[in-house]
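A.B. asks: Contents of final_33.txt (compact mmCIF, N, CA and C atoms):
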# COMPACT_ATOMS: atom_id res chain seq x y z
N MET A 1 -11.47 -3.94 -12.54
CA MET A 1 -10.14 -3.58 -12.10
C MET A 1 -10.21 -2.37 -11.17
N ALA A 2 -9.42 -2.39 -10.15
CA ALA A 2 -9.41 -1.31 -9.16
C ALA A 2 -8.82 -0.03 -9.75
N ASP A 3 -9.31 1.10 -9.27
CA ASP A 3 -8.77 2.37 -9.77
C ASP A 3 -7.73 2.97 -8.82
N PHE A 4 -7.57 2.39 -7.62
CA PHE A 4 -6.53 2.79 -6.65
C PHE A 4 -6.61 4.27 -6.30
N ALA A 5 -7.82 4.80 -6.19
CA ALA A 5 -8.01 6.22 -5.91
C ALA A 5 -7.33 6.66 -4.61
N HIS A 6 -7.47 5.87 -3.57
CA HIS A 6 -6.88 6.24 -2.28
C HIS A 6 -5.35 6.25 -2.36
N LEU A 7 -4.78 5.23 -2.96
CA LEU A 7 -3.32 5.16 -3.09
C LEU A 7 -2.79 6.31 -3.95
N LYS A 8 -3.46 6.60 -5.04
CA LYS A 8 -3.05 7.71 -5.90
C LYS A 8 -3.15 9.05 -5.16
N ALA A 9 -4.21 9.23 -4.39
CA ALA A 9 -4.38 10.47 -3.65
C ALA A 9 -3.30 10.63 -2.57
N SER A 10 -2.77 9.52 -2.08
CA SER A 10 -1.73 9.55 -1.05
C SER A 10 -0.33 9.74 -1.63
N ALA A 11 -0.18 9.62 -2.93
CA ALA A 11 1.14 9.66 -3.56
C ALA A 11 1.96 10.91 -3.23
N PRO A 12 1.39 12.12 -3.29
CA PRO A 12 2.21 13.31 -2.97
C PRO A 12 2.78 13.27 -1.55
N ARG A 13 1.99 12.82 -0.61
CA ARG A 13 2.44 12.73 0.79
C ARG A 13 3.54 11.67 0.92
N LEU A 14 3.45 10.62 0.16
CA LEU A 14 4.42 9.53 0.25
C LEU A 14 5.77 9.87 -0.38
N ALA A 15 5.78 10.84 -1.24
CA ALA A 15 7.02 11.22 -1.92
C ALA A 15 8.11 11.61 -0.93
N THR A 16 7.71 12.13 0.23
CA THR A 16 8.68 12.55 1.22
C THR A 16 8.68 11.67 2.47
N ALA A 17 7.91 10.59 2.44
CA ALA A 17 7.79 9.72 3.62
C ALA A 17 8.97 8.76 3.75
N SER A 18 9.25 8.38 4.97
CA SER A 18 10.28 7.38 5.21
C SER A 18 9.69 5.99 4.98
N ASP A 19 10.56 4.99 4.84
CA ASP A 19 10.10 3.61 4.65
C ASP A 19 9.15 3.18 5.76
N ALA A 20 9.45 3.57 6.98
CA ALA A 20 8.64 3.15 8.13
C ALA A 20 7.21 3.67 8.01
N ALA A 21 7.02 4.79 7.34
CA ALA A 21 5.69 5.38 7.22
C ALA A 21 4.76 4.53 6.39
N TYR A 22 5.29 3.78 5.46
CA TYR A 22 4.40 2.97 4.62
C TYR A 22 4.66 1.47 4.71
N LEU A 23 5.57 1.05 5.56
CA LEU A 23 5.83 -0.39 5.69
C LEU A 23 5.35 -0.98 7.01
N GLY A 24 4.87 -0.16 7.91
CA GLY A 24 4.50 -0.71 9.20
C GLY A 24 3.14 -0.29 9.70
N GLY A 25 2.58 -1.13 10.52
CA GLY A 25 1.37 -0.82 11.26
C GLY A 25 0.14 -0.57 10.43
N PRO A 26 -0.86 -0.01 11.08
CA PRO A 26 -2.15 0.22 10.43
C PRO A 26 -2.06 1.22 9.28
N GLU A 27 -1.05 2.09 9.30
CA GLU A 27 -0.90 3.05 8.20
C GLU A 27 -0.66 2.30 6.89
N CYS A 28 0.12 1.24 6.96
CA CYS A 28 0.42 0.44 5.77
C CYS A 28 -0.85 -0.20 5.22
N VAL A 29 -1.63 -0.79 6.10
CA VAL A 29 -2.89 -1.42 5.68
C VAL A 29 -3.82 -0.38 5.09
N ASP A 30 -3.92 0.78 5.72
CA ASP A 30 -4.77 1.83 5.20
C ASP A 30 -4.30 2.29 3.82
N LEU A 31 -3.02 2.47 3.67
CA LEU A 31 -2.47 2.96 2.41
C LEU A 31 -2.68 1.99 1.26
N PHE A 32 -2.24 0.75 1.44
CA PHE A 32 -2.26 -0.20 0.34
C PHE A 32 -3.55 -0.99 0.21
N CYS A 33 -4.32 -1.10 1.28
CA CYS A 33 -5.48 -1.99 1.25
C CYS A 33 -6.83 -1.30 1.09
N ARG A 34 -6.89 -0.01 1.38
CA ARG A 34 -8.17 0.68 1.36
C ARG A 34 -8.87 0.57 0.00
N ASP A 35 -8.15 0.50 -1.08
CA ASP A 35 -8.76 0.40 -2.41
C ASP A 35 -9.22 -1.02 -2.75
N CYS A 36 -8.87 -1.99 -1.95
CA CYS A 36 -9.23 -3.39 -2.21
C CYS A 36 -10.70 -3.65 -1.91
N GLN A 37 -11.32 -4.46 -2.73
CA GLN A 37 -12.73 -4.78 -2.51
C GLN A 37 -12.96 -5.56 -1.23
N PHE A 38 -11.92 -6.14 -0.64
CA PHE A 38 -12.05 -6.91 0.58
C PHE A 38 -11.73 -6.11 1.84
N PHE A 39 -11.34 -4.85 1.69
CA PHE A 39 -10.98 -4.01 2.83
C PHE A 39 -12.18 -3.77 3.73
N ARG A 40 -11.94 -3.89 5.05
CA ARG A 40 -12.97 -3.59 6.05
C ARG A 40 -12.33 -2.76 7.14
N ASP A 41 -12.95 -1.64 7.47
CA ASP A 41 -12.42 -0.76 8.51
C ASP A 41 -12.25 -1.47 9.85
N ASP A 42 -13.10 -2.43 10.12
CA ASP A 42 -13.05 -3.11 11.42
C ASP A 42 -12.00 -4.22 11.48
N GLU A 43 -11.28 -4.43 10.40
CA GLU A 43 -10.25 -5.48 10.38
C GLU A 43 -8.92 -4.94 9.89
N ARG A 44 -8.56 -3.77 10.33
CA ARG A 44 -7.33 -3.12 9.87
C ARG A 44 -6.06 -3.85 10.30
N SER A 45 -6.15 -4.70 11.30
CA SER A 45 -4.95 -5.40 11.76
C SER A 45 -4.65 -6.63 10.91
N LEU A 46 -5.60 -7.04 10.06
CA LEU A 46 -5.38 -8.19 9.20
C LEU A 46 -4.54 -7.80 7.99
N GLU A 47 -3.71 -8.72 7.56
CA GLU A 47 -2.82 -8.46 6.44
C GLU A 47 -2.84 -9.66 5.50
N CYS A 48 -3.22 -9.46 4.25
CA CYS A 48 -3.26 -10.57 3.30
C CYS A 48 -1.85 -10.87 2.79
N ASN A 49 -1.73 -11.99 2.11
CA ASN A 49 -0.42 -12.37 1.58
C ASN A 49 0.08 -11.43 0.50
N ALA A 50 -0.83 -10.84 -0.25
CA ALA A 50 -0.41 -9.88 -1.28
C ALA A 50 0.28 -8.68 -0.64
N LEU A 51 -0.27 -8.20 0.47
CA LEU A 51 0.36 -7.08 1.18
C LEU A 51 1.70 -7.51 1.77
N ALA A 52 1.77 -8.72 2.29
CA ALA A 52 3.03 -9.22 2.85
C ALA A 52 4.12 -9.28 1.78
N VAL A 53 3.76 -9.73 0.58
CA VAL A 53 4.73 -9.78 -0.52
C VAL A 53 5.13 -8.37 -0.93
N LEU A 54 4.16 -7.47 -1.06
CA LEU A 54 4.45 -6.09 -1.43
C LEU A 54 5.40 -5.45 -0.42
N LYS A 55 5.13 -5.63 0.87
CA LYS A 55 6.00 -5.06 1.90
C LYS A 55 7.41 -5.65 1.82
N ARG A 56 7.51 -6.93 1.54
CA ARG A 56 8.84 -7.56 1.43
C ARG A 56 9.59 -7.01 0.23
N LEU A 57 8.92 -6.87 -0.90
CA LEU A 57 9.56 -6.31 -2.09
C LEU A 57 10.04 -4.88 -1.84
N LEU A 58 9.22 -4.10 -1.16
CA LEU A 58 9.60 -2.72 -0.84
C LEU A 58 10.75 -2.68 0.17
N SER A 59 10.68 -3.48 1.21
CA SER A 59 11.72 -3.43 2.24
C SER A 59 13.07 -3.93 1.74
N LYS A 60 13.06 -4.86 0.78
CA LYS A 60 14.31 -5.36 0.20
C LYS A 60 14.77 -4.50 -0.98
N LYS A 61 14.02 -3.43 -1.24
CA LYS A 61 14.35 -2.48 -2.31
C LYS A 61 14.37 -3.15 -3.69
N ILE A 62 13.58 -4.21 -3.85
CA ILE A 62 13.43 -4.86 -5.15
C ILE A 62 12.56 -3.98 -6.04
N ILE A 63 11.58 -3.35 -5.42
CA ILE A 63 10.78 -2.33 -6.08
C ILE A 63 10.76 -1.12 -5.16
N SER A 64 10.40 0.01 -5.73
CA SER A 64 10.32 1.24 -4.93
C SER A 64 8.86 1.66 -4.82
N LEU A 65 8.60 2.55 -3.90
CA LEU A 65 7.26 3.11 -3.78
C LEU A 65 6.87 3.83 -5.06
N GLU A 66 7.84 4.45 -5.69
CA GLU A 66 7.57 5.12 -6.97
C GLU A 66 7.12 4.11 -8.03
N ASP A 67 7.70 2.91 -8.01
CA ASP A 67 7.27 1.85 -8.93
C ASP A 67 5.81 1.49 -8.70
N VAL A 68 5.42 1.39 -7.44
CA VAL A 68 4.04 1.05 -7.10
C VAL A 68 3.11 2.14 -7.57
N ILE A 69 3.44 3.38 -7.29
CA ILE A 69 2.60 4.51 -7.70
C ILE A 69 2.49 4.55 -9.23
N ARG A 70 3.58 4.35 -9.91
CA ARG A 70 3.57 4.34 -11.38
C ARG A 70 2.70 3.22 -11.91
N ALA A 71 2.75 2.05 -11.29
CA ALA A 71 1.98 0.89 -11.73
C ALA A 71 0.48 1.13 -11.61
N VAL A 72 0.05 1.80 -10.55
CA VAL A 72 -1.39 2.03 -10.38
C VAL A 72 -1.86 3.25 -11.15
N SER A 73 -0.94 4.04 -11.66
CA SER A 73 -1.31 5.25 -12.41
C SER A 73 -1.41 5.01 -13.91
N ASP A 74 -0.87 3.91 -14.37
CA ASP A 74 -0.90 3.62 -15.82
C ASP A 74 -2.27 3.20 -16.28
In structure tokens, what does this structure look like?
C.D. replies:
Amino acid sequence: MADFAHLKASAPRLATASDAAYLGGPECVDLFCRDCQFFRDDERSLECNALAVLKRLLSKKIISLEDVIRAVSD
């Protein structure tokens, strides 16, 4: 099971970030995907379906970024 070290380390900075900061572009892939065993620095523009679902849940406010941080911290 992943320990989500990168995502957890980013949590304080995200507390004050706007939705656009974590829902778009390469920043989003870096934030949510860096802890994944399939992450590759040379393929930052690729987005898996899990990330697409996560972004949709966040953008529709079905879950919050705080929910995600809490889930990986438990």
A.B. asks: If DSSP is run on the backbone, what residues of chain A are alpha helix (DSSP H)? A reply as a PyMOL selection string would be ideal.
C.D. replies: chain A and resi 5-14+19-23+25-33+49-59+65-73
A.B. asks: Could you tell me which of A:Asp74, A:Asp35, A:Glu66, A:Glu43 comes closest to A:Asp19 if we count only C-alpha atoms?
C.D. replies: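 Checking each candidate against A:Asp19, we get A:Glu66 as the closest.
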A.B. asks: Which one of A:Pro12, A:Gly24, A:Ala17, A:Phe39 sits closest to A:Ser59 if you count only C-alpha atoms?
C.D. replies: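 Nearest candidate to A:Ser59 out of A:Pro12, A:Gly24, A:Ala17, A:Phe39: A:Gly24.
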A.B. asks: Quick one: residues within 8 Å of A:Phe4, only N, CA and C atoms counted, chain neighbours fewer than 5 positions away excluded, as a list in words?
C.D. replies: Ala9, Ser10, Arg34, Asp35, Cys36, Val72 and Ser73 of chain A
A.B. asks: How many Å lie between atom CA of A:Ser18 and atom CA of A:Leu65, rounded to one decimal?
C.D. replies: 10.4 Å
A.B. asks: One decimal, in Å: what's the spacing between atom CA of A:Arg40 and atom CA of A:Ile63?
C.D. replies: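 Going from atom CA of A:Arg40 over to atom CA of A:Ile63, I get 26.7 Å.
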A.B. asks: To one decimal place, how far is atom CA of A:Ala2 from atom C of A:Val29 in Å?
C.D. replies: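 About the pair atom CA of A:Ala2 and atom C of A:Val29: they are 15.3 Å apart.
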